[in-house]
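Chemist: I am sharing query_26.pdb, which consists of PDB, C-alpha atoms:
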```pdb
ATOM      1  CA  MET A   1     -77.392 264.817 140.221
ATOM      2  CA  SER A   2     -77.505 268.380 141.519
ATOM      3  CA  SER A   3     -73.687 268.553 141.474
ATOM      4  CA  PHE A   4     -73.638 267.189 137.875
ATOM      5  CA  ARG A   5     -76.185 269.832 136.819
ATOM      6  CA  ALA A   6     -74.074 272.468 138.464
ATOM      7  CA  ALA A   7     -71.078 271.211 136.527
ATOM      8  CA  LEU A   8     -73.039 271.451 133.250
ATOM      9  CA  VAL A   9     -74.098 275.014 134.091
ATOM     10  CA  ALA A  10     -70.478 275.891 134.868
ATOM     11  CA  ALA A  11     -69.355 274.295 131.616
ATOM     12  CA  SER A  12     -71.945 276.313 129.677
ATOM     13  CA  SER A  13     -70.611 279.505 131.172
ATOM     14  CA  LEU A  14     -67.072 278.449 130.217
ATOM     15  CA  VAL A  15     -68.183 277.800 126.634
ATOM     16  CA  ALA A  16     -69.723 281.252 126.550
ATOM     17  CA  ARG A  17     -66.375 282.644 127.713
ATOM     18  CA  GLY A  18     -64.532 280.724 124.900
ATOM     19  CA  LEU A  19     -62.282 278.545 127.072
ATOM     20  CA  SER A  20     -60.516 275.363 125.913
ATOM     21  CA  SER A  21     -62.187 271.950 125.626
ATOM     22  CA  SER A  22     -59.864 270.335 128.218
ATOM     23  CA  LEU A  23     -61.028 272.835 130.831
ATOM     24  CA  LEU A  24     -64.689 272.206 129.907
ATOM     25  CA  VAL A  25     -64.232 268.435 130.208
ATOM     26  CA  ALA A  26     -62.458 268.894 133.560
ATOM     27  CA  GLU A  27     -65.370 270.950 134.952
ATOM     28  CA  ILE A  28     -67.872 268.308 133.765
ATOM     29  CA  ILE A  29     -65.873 265.405 135.238
ATOM     30  CA  ARG A  30     -65.546 267.142 138.602
ATOM     31  CA  GLY A  31     -69.349 267.280 138.826
ATOM     32  CA  ILE A  32     -69.692 263.494 138.290
ATOM     33  CA  PRO A  33     -69.796 261.284 141.420
ATOM     34  CA  ASN A  34     -66.554 259.438 142.169
ATOM     35  CA  HIS A  35     -68.102 255.937 142.119
ATOM     36  CA  LEU A  36     -69.031 256.267 138.416
ATOM     37  CA  LYS A  37     -66.596 255.303 135.652
ATOM     38  CA  ILE A  38     -66.063 257.912 132.946
ATOM     39  CA  VAL A  39     -65.172 257.166 129.309
ATOM     40  CA  ASP A  40     -64.018 260.382 127.628
ATOM     41  CA  LEU A  41     -64.643 260.309 123.844
ATOM     42  CA  SER A  42     -62.585 263.447 123.174
ATOM     43  CA  ALA A  43     -58.832 263.561 122.543
ATOM     44  CA  ASP A  44     -57.978 265.559 125.693
ATOM     45  CA  PHE A  45     -56.623 262.628 127.737
ATOM     46  CA  ARG A  46     -55.196 260.323 125.042
ATOM     47  CA  LEU A  47     -51.662 261.788 125.037
ATOM     48  CA  ARG A  48     -49.576 261.204 128.189
ATOM     49  CA  ASP A  49     -46.919 263.774 127.239
ATOM     50  CA  ILE A  50     -48.202 267.341 127.804
ATOM     51  CA  SER A  51     -45.735 268.800 125.258
ATOM     52  CA  GLU A  52     -47.117 266.522 122.549
ATOM     53  CA  TYR A  53     -50.648 267.666 123.366
ATOM     54  CA  GLU A  54     -49.613 271.316 123.035
ATOM     55  CA  GLU A  55     -47.784 270.566 119.777
ATOM     56  CA  TRP A  56     -50.760 268.835 118.157
ATOM     57  CA  TYR A  57     -53.625 270.970 119.490
ATOM     58  CA  GLY A  58     -51.874 274.356 119.673
ATOM     59  CA  GLN A  59     -52.874 275.204 123.294
ATOM     60  CA  PRO A  60     -51.830 274.162 126.812
ATOM     61  CA  HIS A  61     -53.647 271.435 128.698
ATOM     62  CA  ARG A  62     -55.927 272.864 131.407
ATOM     63  CA  ALA A  63     -56.698 269.659 133.365
ATOM     64  CA  LEU A  64     -53.282 268.268 134.291
ATOM     65  CA  GLU A  65     -54.478 266.350 137.405
ATOM     66  CA  LEU A  66     -57.121 264.497 135.360
ATOM     67  CA  GLN A  67     -54.634 263.941 132.539
ATOM     68  CA  LYS A  68     -52.298 262.127 134.953
ATOM     69  CA  GLU A  69     -55.218 260.021 136.248
ATOM     70  CA  ALA A  70     -56.597 259.016 132.806
ATOM     71  CA  ILE A  71     -55.832 255.566 131.349
ATOM     72  CA  TYR A  72     -55.624 254.977 127.597
ATOM     73  CA  GLY A  73     -58.605 252.742 126.807
ATOM     74  CA  LEU A  74     -57.114 250.059 124.547
ATOM     75  CA  THR A  75     -58.325 246.933 126.357
ATOM     76  CA  GLU A  76     -56.101 244.541 124.383
ATOM     77  CA  ILE A  77     -53.043 246.208 125.943
ATOM     78  CA  LEU A  78     -54.112 247.882 129.266
ATOM     79  CA  ARG A  79     -56.955 245.619 130.372
ATOM     80  CA  GLU A  80     -56.009 245.510 134.080
ATOM     81  CA  GLU A  81     -55.346 249.279 134.286
ATOM     82  CA  ILE A  82     -58.719 250.004 132.667
ATOM     83  CA  ARG A  83     -60.510 247.728 135.150
ATOM     84  CA  ASN A  84     -59.284 249.807 138.109
ATOM     85  CA  ALA A  85     -59.416 253.242 136.478
ATOM     86  CA  ARG A  86     -62.121 255.911 136.987
ATOM     87  CA  LEU A  87     -61.287 258.001 133.857
ATOM     88  CA  VAL A  88     -60.704 256.145 130.590
ATOM     89  CA  ALA A  89     -59.563 258.016 127.450
ATOM     90  CA  ASN A  90     -61.351 256.340 124.552
ATOM     91  CA  PRO A  91     -58.870 255.594 121.700
ATOM     92  CA  GLY A  92     -59.610 256.700 118.152
ATOM     93  CA  CYS A  93     -60.362 254.276 115.311
ATOM     94  CA  TYR A  94     -57.091 254.870 113.439
ATOM     95  CA  PRO A  95     -54.778 254.402 116.449
ATOM     96  CA  THR A  96     -56.762 251.289 117.448
ATOM     97  CA  SER A  97     -56.429 249.698 114.008
ATOM     98  CA  ILE A  98     -52.684 250.428 113.992
ATOM     99  CA  GLN A  99     -51.748 249.506 117.566
ATOM    100  CA  ILE A 100     -53.628 246.196 117.825
ATOM    101  CA  PRO A 101     -51.396 244.463 115.203
ATOM    102  CA  LEU A 102     -48.283 246.577 115.869
ATOM    103  CA  VAL A 103     -47.897 246.301 119.675
ATOM    104  CA  PRO A 104     -47.480 242.471 119.687
ATOM    105  CA  LEU A 105     -44.824 242.802 117.014
ATOM    106  CA  ILE A 106     -42.986 245.411 119.084
ATOM    107  CA  LYS A 107     -43.143 243.193 122.185
ATOM    108  CA  ASN A 108     -41.849 240.239 120.239
ATOM    109  CA  TYR A 109     -39.077 242.400 118.786
ATOM    110  CA  ASN A 110     -38.056 243.549 122.263
ATOM    111  CA  LYS A 111     -37.959 239.944 123.392
ATOM    112  CA  GLU A 112     -35.773 238.960 120.453
ATOM    113  CA  LEU A 113     -33.592 241.997 121.131
ATOM    114  CA  GLY A 114     -33.041 240.764 124.701
ATOM    115  CA  ASP A 115     -32.161 237.312 123.415
ATOM    116  CA  GLY A 116     -29.831 238.896 120.898
ATOM    117  CA  LYS A 117     -27.787 240.642 123.581
ATOM    118  CA  ARG A 118     -26.770 237.252 124.973
ATOM    119  CA  VAL A 119     -25.093 236.288 121.720
ATOM    120  CA  THR A 120     -23.309 239.610 121.202
ATOM    121  CA  ALA A 121     -19.896 238.085 121.969
ATOM    122  CA  GLN A 122     -20.372 235.384 119.343
ATOM    123  CA  GLN A 123     -21.548 237.966 116.842
ATOM    124  CA  LYS A 124     -18.539 240.149 117.625
ATOM    125  CA  HIS A 125     -16.205 237.229 116.871
ATOM    126  CA  ALA A 126     -18.144 236.514 113.689
ATOM    127  CA  ILE A 127     -17.917 240.201 112.709
ATOM    128  CA  GLU A 128     -14.147 240.164 113.197
ATOM    129  CA  ASP A 129     -13.949 237.061 111.011
ATOM    130  CA  LEU A 130     -16.116 238.751 108.407
ATOM    131  CA  ASN A 131     -13.891 241.853 108.531
ATOM    132  CA  GLU A 132     -10.853 239.704 107.783
ATOM    133  CA  ARG A 133     -12.690 238.070 104.894
ATOM    134  CA  LEU A 134     -13.820 241.480 103.699
ATOM    135  CA  SER A 135     -10.221 242.740 103.693
ATOM    136  CA  ALA A 136      -9.167 239.709 101.656
ATOM    137  CA  SER A 137     -12.100 240.256  99.340
ATOM    138  CA  MET A 138     -11.175 243.937  98.887
ATOM    139  CA  GLN A 139      -7.627 242.939  97.970
ATOM    140  CA  SER A 140      -8.987 240.364  95.512
ATOM    141  CA  TYR A 141     -11.332 243.033  94.162
ATOM    142  CA  ALA A 142      -8.401 245.395  93.546
ATOM    143  CA  GLU A 143      -6.524 242.659  91.695
ATOM    144  CA  ALA A 144      -9.645 241.764  89.732
ATOM    145  CA  TYR A 145     -10.203 245.445  88.881
ATOM    146  CA  ALA A 146      -6.655 245.707  87.517
ATOM    147  CA  ILE A 147      -7.209 242.572  85.413
ATOM    148  CA  ILE A 148     -10.541 243.915  84.183
ATOM    149  CA  THR A 149      -8.892 247.232  83.216
ATOM    150  CA  GLU A 150      -6.218 245.378  81.243
ATOM    151  CA  LEU A 151      -8.843 243.193  79.560
ATOM    152  CA  LYS A 152     -10.873 246.303  78.721
ATOM    153  CA  GLU A 153      -7.836 247.877  77.021
ATOM    154  CA  GLN A 154      -7.272 244.677  75.040
ATOM    155  CA  LEU A 155     -10.944 244.618  74.101
ATOM    156  CA  ASP A 156     -10.735 248.237  72.905
ATOM    157  CA  ASP A 157      -7.720 247.347  70.752
ATOM    158  CA  LYS A 158      -9.563 244.362  69.294
ATOM    159  CA  GLN A 159     -12.613 246.498  68.589
ATOM    160  CA  THR A 160     -10.407 249.051  66.801
ATOM    161  CA  GLN A 161      -8.822 246.284  64.707
ATOM    162  CA  ARG A 162     -12.251 244.857  64.007
ATOM    163  CA  LYS A 163     -13.501 248.249  62.790
ATOM    164  CA  GLU A 164     -10.456 248.517  60.506
ATOM    165  CA  ARG A 165     -11.106 245.022  59.116
ATOM    166  CA  GLU A 166     -14.782 245.832  58.612
ATOM    167  CA  LYS A 167     -13.858 249.034  56.761
ATOM    168  CA  ALA A 168     -11.383 247.143  54.550
ATOM    169  CA  THR A 169     -14.024 244.470  53.920
ATOM    170  CA  THR A 170     -16.591 247.121  53.001
ATOM    171  CA  ASP A 171     -14.173 248.805  50.596
ATOM    172  CA  LEU A 172     -13.257 245.476  49.012
ATOM    173  CA  LYS A 173     -16.922 244.524  48.651
ATOM    174  CA  ALA A 174     -17.565 247.846  46.939
ATOM    175  CA  ALA A 175     -14.607 247.257  44.603
ATOM    176  CA  VAL A 176     -15.783 243.719  43.822
ATOM    177  CA  PHE A 177     -19.301 244.992  43.168
ATOM    178  CA  ARG A 178     -17.992 247.696  40.820
ATOM    179  CA  ALA A 179     -15.760 245.194  39.003
ATOM    180  CA  GLN A 180     -18.643 242.754  38.670
ATOM    181  CA  SER A 181     -20.941 245.498  37.349
ATOM    182  CA  GLU A 182     -18.334 246.621  34.826
ATOM    183  CA  ALA A 183     -17.734 243.023  33.738
ATOM    184  CA  GLN A 184     -21.464 242.452  33.253
ATOM    185  CA  GLU A 185     -21.751 245.684  31.268
ATOM    186  CA  GLU A 186     -18.777 244.688  29.090
ATOM    187  CA  LEU A 187     -20.265 241.237  28.530
ATOM    188  CA  ARG A 188     -23.568 242.804  27.560
ATOM    189  CA  ARG A 189     -21.891 245.090  25.008
ATOM    190  CA  HIS A 190     -19.909 242.238  23.424
ATOM    191  CA  THR A 191     -22.996 240.040  23.392
ATOM    192  CA  ASP A 192     -24.983 242.738  21.612
ATOM    193  CA  ALA A 193     -22.176 243.202  19.060
ATOM    194  CA  ALA A 194     -21.966 239.462  18.406
ATOM    195  CA  LEU A 195     -25.737 239.245  17.986
ATOM    196  CA  ARG A 196     -25.684 242.136  15.500
ATOM    197  CA  ARG A 197     -22.892 240.455  13.507
ATOM    198  CA  GLU A 198     -24.774 237.165  13.554
ATOM    199  CA  ARG A 199     -27.885 238.910  12.191
ATOM    200  CA  GLU A 200     -25.803 240.490   9.440
ATOM    201  CA  LEU A 201     -24.352 237.094   8.527
ATOM    202  CA  HIS A 202     -27.849 235.574   8.391
ATOM    203  CA  GLU A 203     -28.988 238.391   6.121
ATOM    204  CA  THR A 204     -25.958 237.800   3.817
ATOM    205  CA  ILE A 205     -26.685 234.064   3.720
ATOM    206  CA  ASN A 206     -30.320 234.753   2.840
ATOM    207  CA  LYS A 207     -29.245 237.052   0.022
ATOM    208  CA  LEU A 208     -26.793 234.457  -1.320
ATOM    209  CA  GLN A 209     -29.487 231.777  -1.144
ATOM    210  CA  GLU A 210     -31.859 234.046  -3.064
ATOM    211  CA  SER A 211     -29.147 234.617  -5.673
ATOM    212  CA  GLU A 212     -28.627 230.851  -5.899
ATOM    213  CA  ARG A 213     -32.321 230.329  -6.547
ATOM    214  CA  GLU A 214     -32.224 232.971  -9.279
ATOM    215  CA  ARG A 215     -29.219 231.279 -10.874
ATOM    216  CA  CYS A 216     -30.941 227.907 -10.739
ATOM    217  CA  LEU A 217     -33.939 229.468 -12.429
ATOM    218  CA  LEU A 218     -31.647 230.898 -15.076
ATOM    219  CA  VAL A 219     -30.061 227.488 -15.637
ATOM    220  CA  GLU A 220     -33.455 225.919 -16.131
ATOM    221  CA  THR A 221     -34.336 228.652 -18.598
ATOM    222  CA  LEU A 222     -31.109 228.090 -20.510
ATOM    223  CA  ARG A 223     -31.727 224.368 -20.645
ATOM    224  CA  SER A 224     -35.122 224.955 -22.187
ATOM    225  CA  LYS A 225     -33.566 227.243 -24.788
ATOM    226  CA  LEU A 226     -30.923 224.662 -25.646
ATOM    227  CA  MET A 227     -33.586 222.563 -27.317
ATOM    228  CA  VAL A 228     -34.041 225.116 -30.111
ATOM    229  CA  VAL A 229     -30.530 226.459 -30.694
ATOM    230  CA  SER A 230     -27.657 225.102 -32.741
ATOM    231  CA  ASP A 231     -24.845 222.917 -31.529
ATOM    232  CA  ASN A 232     -22.481 225.868 -31.375
ATOM    233  CA  LYS A 233     -24.988 227.682 -29.363
ATOM    234  CA  VAL A 234     -25.356 224.581 -27.250
ATOM    235  CA  ARG A 235     -21.617 224.414 -26.658
ATOM    236  CA  GLN A 236     -21.571 228.108 -25.929
ATOM    237  CA  LEU A 237     -24.433 227.676 -23.538
ATOM    238  CA  GLU A 238     -22.705 224.680 -21.955
ATOM    239  CA  THR A 239     -19.589 226.778 -21.526
ATOM    240  CA  GLU A 240     -21.630 229.514 -19.919
ATOM    241  CA  LEU A 241     -23.388 226.913 -17.844
ATOM    242  CA  HIS A 242     -20.037 225.505 -16.732
ATOM    243  CA  GLU A 243     -18.850 228.966 -15.783
ATOM    244  CA  GLU A 244     -22.102 229.596 -14.011
ATOM    245  CA  LYS A 245     -21.665 226.353 -12.101
ATOM    246  CA  LEU A 246     -18.159 227.378 -11.123
ATOM    247  CA  THR A 247     -19.487 230.703  -9.937
ATOM    248  CA  THR A 248     -22.240 228.902  -8.089
ATOM    249  CA  ALA A 249     -19.729 226.540  -6.531
ATOM    250  CA  ASN A 250     -17.610 229.474  -5.402
ATOM    251  CA  GLN A 251     -20.628 231.192  -3.951
ATOM    252  CA  THR A 252     -21.675 227.956  -2.220
ATOM    253  CA  LYS A 253     -18.194 227.624  -0.806
ATOM    254  CA  LYS A 254     -18.402 231.222   0.382
ATOM    255  CA  ILE A 255     -21.755 230.457   1.981
ATOM    256  CA  GLU A 256     -20.229 227.455   3.767
ATOM    257  CA  GLU A 257     -17.333 229.609   4.939
ATOM    258  CA  LEU A 258     -19.792 232.186   6.251
ATOM    259  CA  GLU A 259     -21.739 229.459   8.061
ATOM    260  CA  GLU A 260     -18.479 228.121   9.506
ATOM    261  CA  GLU A 261     -17.601 231.658  10.628
ATOM    262  CA  THR A 262     -21.046 231.936  12.226
ATOM    263  CA  ARG A 263     -20.549 228.679  14.132
ATOM    264  CA  ARG A 264     -17.068 229.785  15.195
ATOM    265  CA  LEU A 265     -18.456 233.077  16.512
ATOM    266  CA  SER A 266     -21.222 231.216  18.355
ATOM    267  CA  LYS A 267     -18.639 228.969  19.998
ATOM    268  CA  GLU A 268     -16.504 231.980  20.947
ATOM    269  CA  LEU A 269     -19.570 233.710  22.365
ATOM    270  CA  GLU A 270     -20.414 230.584  24.390
ATOM    271  CA  SER A 271     -16.779 230.379  25.544
ATOM    272  CA  GLU A 272     -16.928 234.047  26.586
ATOM    273  CA  LYS A 273     -20.104 233.352  28.589
ATOM    274  CA  ASN A 274     -18.376 230.420  30.321
ATOM    275  CA  ILE A 275     -15.370 232.630  31.100
ATOM    276  CA  ARG A 276     -17.667 235.303  32.550
ATOM    277  CA  GLY A 277     -19.482 232.663  34.610
ATOM    278  CA  HIS A 278     -16.164 231.331  35.888
ATOM    279  CA  ARG A 279     -15.062 234.864  36.783
ATOM    280  CA  SER A 280     -18.364 235.481  38.641
ATOM    281  CA  LYS A 281     -17.735 232.295  40.640
ATOM    282  CA  GLU A 282     -14.207 233.529  41.444
ATOM    283  CA  LEU A 283     -15.679 236.843  42.620
ATOM    284  CA  GLU A 284     -18.145 234.993  44.852
ATOM    285  CA  LYS A 285     -15.295 232.870  46.263
ATOM    286  CA  ALA A 286     -13.334 236.074  46.868
ATOM    287  CA  ALA A 287     -16.284 237.568  48.774
ATOM    288  CA  ILE A 288     -16.561 234.387  50.911
ATOM    289  CA  LYS A 289     -12.833 234.472  51.568
ATOM    290  CA  ILE A 290     -13.133 238.127  52.621
ATOM    291  CA  ASN A 291     -15.765 237.213  55.217
ATOM    292  CA  ASN A 292     -13.477 234.455  56.519
ATOM    293  CA  GLN A 293     -10.626 236.962  56.851
ATOM    294  CA  ARG A 294     -12.470 239.035  59.505
ATOM    295  CA  LYS A 295     -10.905 237.000  62.300
ATOM    296  CA  LYS A 296      -7.352 237.462  60.936
ATOM    297  CA  PRO A 297      -5.021 240.407  61.830
ATOM    298  CA  SER A 298      -5.656 243.587  59.883
ATOM    299  CA  LYS A 299      -2.209 243.619  58.093
ATOM    300  CA  GLN A 300      -2.627 240.112  56.716
ATOM    301  CA  SER A 301      -6.229 240.932  55.726
ATOM    302  CA  ARG A 302      -5.044 243.969  53.750
ATOM    303  CA  GLU A 303      -2.326 241.917  51.958
ATOM    304  CA  GLU A 304      -4.842 239.217  50.990
ATOM    305  CA  THR A 305      -7.281 241.916  49.892
ATOM    306  CA  SER A 306      -4.605 243.365  47.581
ATOM    307  CA  ASN A 307      -3.839 239.885  46.193
ATOM    308  CA  MET A 308      -7.528 239.225  45.479
ATOM    309  CA  ALA A 309      -7.932 242.645  43.828
ATOM    310  CA  ALA A 310      -4.898 241.886  41.609
ATOM    311  CA  THR A 311      -6.402 238.481  40.707
ATOM    312  CA  VAL A 312      -9.715 240.134  39.768
ATOM    313  CA  GLY A 313      -7.864 242.695  37.598
ATOM    314  CA  ILE A 314      -5.888 239.974  35.752
ATOM    315  CA  THR A 315      -9.081 238.001  35.136
ATOM    316  CA  GLU A 316     -10.812 241.072  33.682
ATOM    317  CA  PHE A 317      -7.798 241.793  31.410
ATOM    318  CA  ILE A 318      -7.686 238.187  30.066
ATOM    319  CA  GLY A 319     -11.472 238.207  29.494
ATOM    320  CA  ALA A 320     -11.339 241.518  27.593
ATOM    321  CA  GLU A 321      -8.388 240.305  25.443
ATOM    322  CA  MET A 322     -10.260 237.096  24.493
ATOM    323  CA  ILE A 323     -13.385 239.077  23.557
ATOM    324  CA  GLU A 324     -11.369 241.458  21.342
ATOM    325  CA  LYS A 325      -9.663 238.501  19.682
ATOM    326  CA  ALA A 326     -13.049 236.851  19.001
ATOM    327  CA  ILE A 327     -14.432 240.056  17.485
ATOM    328  CA  SER A 328     -11.374 240.589  15.243
TER     329      SER A 328
END
```
Written as structure tokens, that's how I'd like the structure from this file.
Modeler:
Amino acid sequence: MSSFRAALVAASSLVARGLSSSLLVAEIIRGIPNHLKIVDLSADFRLRDISEYEEWYGQPHRALELQKEAIYGLTEILREEIRNARLVANPGCYPTSIQIPLVPLIKNYNKELGDGKRVTAQQKHAIEDLNERLSASMQSYAEAYAIITELKEQLDDKQTQRKEREKATTDLKAAVFRAQSEAQEELRRHTDAALRRERELHETINKLQESERERCLLVETLRSKLMVVSDNKVRQLETELHEEKLTTANQTKKIEELEEETRRLSKELESEKNIRGHRSKELEKAAIKINNQRKKPSKQSREETSNMAATVGITEFIGAEMIEKAIS
């Protein structure tokens, strides 16, 4: 124990002089009897490579003879070396937690690596075979790339044609919509005019009916006066009555003609509505046909678009001519 105390005193003097920890530990260990095992808890003897120690701790190692003697104290790996060692460097918690699962994996990997060297010749043959297949695959890839490039160009052309067809379809839809709006506006104007004329005819009929009632009242008045007048006056009154009846008959006939004209106009108006409905159906069929034309070539689509536009124009012209004829 006297030598150990002397070592502690020497270590204290070294601490006062500001020397490194490895030198302090070395002085302490030298004062411990040789039959005692030493477990060093510091990091001075954990690294076997001196250069690594200097790199991590920034100073040279001052106890090289003890560093060569020390055994790293991971019992799961160096159990037999630790049993016979005097100086054991205690491992840290982080290295212990990493090495315990990792070292068996490394050993197993080294074993598999040794087994793998025995099959290197077979692997070399397999690699040569794979290289041949790879060359064939690269050639096939080049051919496939050329085909893909050609298909891409064709796809671009089809997309361009599709955009042209879509533009033509959009323009035609706009034209159909404008034509339909104009047709509806024209139908509304003619309908309003026909309704106004029908109201005027009803007013004329009402006036004629009122006049007929007045004439009937006059006839009744004349009949009452006939009772007190002479025969000449009676004949005169009968003559006037006859003339009045003729006038009444003419007016009645005129009323019937006006009613017939009203019915004729109503039928023409109904016919015009049917024509407009038929034209609306044609426009809807044209729109459906336009949608079906999207898959056709652009030139044919434009020709059919022109034909449909011409058909719509002819239909509008015939409808307008029939309306004018009905009004006149």
Chemist: Could you spell out the hits of the PyMOL selection byres ((chain A and resi 197) around 12) on the shown file, as a list in words?
Modeler: His190, Thr191, Asp192, Ala193, Ala194, Leu195, Arg196, Glu198, Arg199, Glu200, Leu201, His202, Glu203, Thr204, Leu258, Glu261, Thr262, Leu265, Ser266, Leu269, Ala326, Ile327 and Ser328 of chain A
Chemist: Fewer than 5 positions away in the same chain doesn't count, so skip those; otherwise give me all residues within 10 Å of segment 71-87 of chain A, counting only C-alpha atoms, as a PDB file with C-alpha atoms, keeping the file's coordinate frame.
Modeler:
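part_21.pdb, freshly written:
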```
ATOM      1  CA  ILE A  29     -65.873 265.405 135.238  1.00  0.00           C
ATOM      2  CA  ASN A  34     -66.554 259.438 142.169  1.00  0.00           C
ATOM      3  CA  HIS A  35     -68.102 255.937 142.119  1.00  0.00           C
ATOM      4  CA  LEU A  36     -69.031 256.267 138.416  1.00  0.00           C
ATOM      5  CA  LYS A  37     -66.596 255.303 135.652  1.00  0.00           C
ATOM      6  CA  ILE A  38     -66.063 257.912 132.946  1.00  0.00           C
ATOM      7  CA  VAL A  39     -65.172 257.166 129.309  1.00  0.00           C
ATOM      8  CA  ASP A  40     -64.018 260.382 127.628  1.00  0.00           C
ATOM      9  CA  PHE A  45     -56.623 262.628 127.737  1.00  0.00           C
ATOM     10  CA  ARG A  46     -55.196 260.323 125.042  1.00  0.00           C
ATOM     11  CA  LEU A  47     -51.662 261.788 125.037  1.00  0.00           C
ATOM     12  CA  ARG A  48     -49.576 261.204 128.189  1.00  0.00           C
ATOM     13  CA  LEU A  66     -57.121 264.497 135.360  1.00  0.00           C
ATOM     14  CA  GLY A  92     -59.610 256.700 118.152  1.00  0.00           C
ATOM     15  CA  PRO A  95     -54.778 254.402 116.449  1.00  0.00           C
ATOM     16  CA  THR A  96     -56.762 251.289 117.448  1.00  0.00           C
ATOM     17  CA  GLN A  99     -51.748 249.506 117.566  1.00  0.00           C
ATOM     18  CA  ILE A 100     -53.628 246.196 117.825  1.00  0.00           C
ATOM     19  CA  VAL A 103     -47.897 246.301 119.675  1.00  0.00           C
ATOM     20  CA  PRO A 104     -47.480 242.471 119.687  1.00  0.00           C
TER      21      PRO A 104
END
```
Chemist: Starting from the PyMOL selection byres ((chain A and resi 280) around 12), expand the selection into actual residues of this file and give them as a PyMOL selection string.
Modeler: chain A and resi 176-177+179-184+187+273-279+281-287+312+315-316+319
Chemist: To test the calculation: enclose all listed atoms of segment 22-41 of chain A in a box whose edges run along x, y and z, add 8 Å on each side, then state centre and edge lengths in Å to one decimal, as AutoDock Vina command-line options.
Modeler:
```
--center_x -64.8 --center_y 264.1 --center_z 133.0 --size_x 25.9 --size_y 33.5 --size_z 34.3
```
Chemist: Distance atom CA of Arg215 of chain A-atom CA of Arg264 of chain A, one decimal place?
Modeler: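 According to the coordinates, atom CA of Arg215 of chain A and atom CA of Arg264 of chain A are separated by 28.8 Å.
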Chemist: Please report the interatomic distance between atom CA of Gln209 of chain A and atom CA of Thr252 of chain A in Å with one decimal.
Modeler: 8.8 Å
Chemist: Which residues fall under the PyMOL selection byres ((chain A and resi 62) around 10) in this file, as a PyMOL selection string?
Modeler: chain A and resi 19-26+44+59-61+63-67
Chemist: How many Å lie between atom CA of Ile106 of chain A and atom CA of Ser42 of chain A, rounded to one decimal?
Modeler: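 Result for atom CA of Ile106 of chain A versus atom CA of Ser42 of chain A: 26.9 Å, one decimal.
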Chemist: Please produce segment 235-244 of chain A, completed to N, CA, C and O atoms, as a PDB file, in the frame of the given file.
Modeler:
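Saved result, rebuild_1.pdb, follows:
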```
ATOM      1  N   ARG A 235     -22.927 224.430 -27.308  1.00  0.00           N
ATOM      2  CA  ARG A 235     -21.617 224.414 -26.658  1.00  0.00           C
ATOM      3  C   ARG A 235     -21.359 225.723 -25.913  1.00  0.00           C
ATOM      4  O   ARG A 235     -20.788 225.742 -24.813  1.00  0.00           O
ATOM      5  N   GLN A 236     -21.741 226.818 -26.603  1.00  0.00           N
ATOM      6  CA  GLN A 236     -21.571 228.108 -25.929  1.00  0.00           C
ATOM      7  C   GLN A 236     -22.366 228.168 -24.619  1.00  0.00           C
ATOM      8  O   GLN A 236     -21.880 228.631 -23.587  1.00  0.00           O
ATOM      9  N   LEU A 237     -23.597 227.668 -24.747  1.00  0.00           N
ATOM     10  CA  LEU A 237     -24.433 227.676 -23.538  1.00  0.00           C
ATOM     11  C   LEU A 237     -23.871 226.733 -22.469  1.00  0.00           C
ATOM     12  O   LEU A 237     -23.931 227.021 -21.262  1.00  0.00           O
ATOM     13  N   GLU A 238     -23.307 225.577 -22.930  1.00  0.00           N
ATOM     14  CA  GLU A 238     -22.705 224.680 -21.955  1.00  0.00           C
ATOM     15  C   GLU A 238     -21.511 225.322 -21.274  1.00  0.00           C
ATOM     16  O   GLU A 238     -21.286 225.140 -20.068  1.00  0.00           O
ATOM     17  N   THR A 239     -20.720 226.062 -22.126  1.00  0.00           N
ATOM     18  CA  THR A 239     -19.589 226.778 -21.526  1.00  0.00           C
ATOM     19  C   THR A 239     -20.077 227.797 -20.486  1.00  0.00           C
ATOM     20  O   THR A 239     -19.529 227.914 -19.372  1.00  0.00           O
ATOM     21  N   GLU A 240     -21.087 228.547 -20.857  1.00  0.00           N
ATOM     22  CA  GLU A 240     -21.630 229.514 -19.919  1.00  0.00           C
ATOM     23  C   GLU A 240     -22.195 228.819 -18.675  1.00  0.00           C
ATOM     24  O   GLU A 240     -22.072 229.321 -17.533  1.00  0.00           O
ATOM     25  N   LEU A 241     -22.828 227.665 -18.969  1.00  0.00           N
ATOM     26  CA  LEU A 241     -23.388 226.913 -17.844  1.00  0.00           C
ATOM     27  C   LEU A 241     -22.292 226.446 -16.899  1.00  0.00           C
ATOM     28  O   LEU A 241     -22.428 226.489 -15.671  1.00  0.00           O
ATOM     29  N   HIS A 242     -21.150 225.956 -17.539  1.00  0.00           N
ATOM     30  CA  HIS A 242     -20.037 225.505 -16.732  1.00  0.00           C
ATOM     31  C   HIS A 242     -19.489 226.654 -15.874  1.00  0.00           C
ATOM     32  O   HIS A 242     -19.201 226.487 -14.668  1.00  0.00           O
ATOM     33  N   GLU A 243     -19.327 227.811 -16.537  1.00  0.00           N
ATOM     34  CA  GLU A 243     -18.850 228.966 -15.783  1.00  0.00           C
ATOM     35  C   GLU A 243     -19.830 229.357 -14.668  1.00  0.00           C
ATOM     36  O   GLU A 243     -19.430 229.741 -13.548  1.00  0.00           O
ATOM     37  N   GLU A 244     -21.088 229.260 -15.022  1.00  0.00           N
ATOM     38  CA  GLU A 244     -22.102 229.596 -14.011  1.00  0.00           C
ATOM     39  C   GLU A 244     -22.044 228.631 -12.824  1.00  0.00           C
ATOM     40  O   GLU A 244     -22.195 229.026 -11.657  1.00  0.00           O
TER      41      GLU A 244
END
```
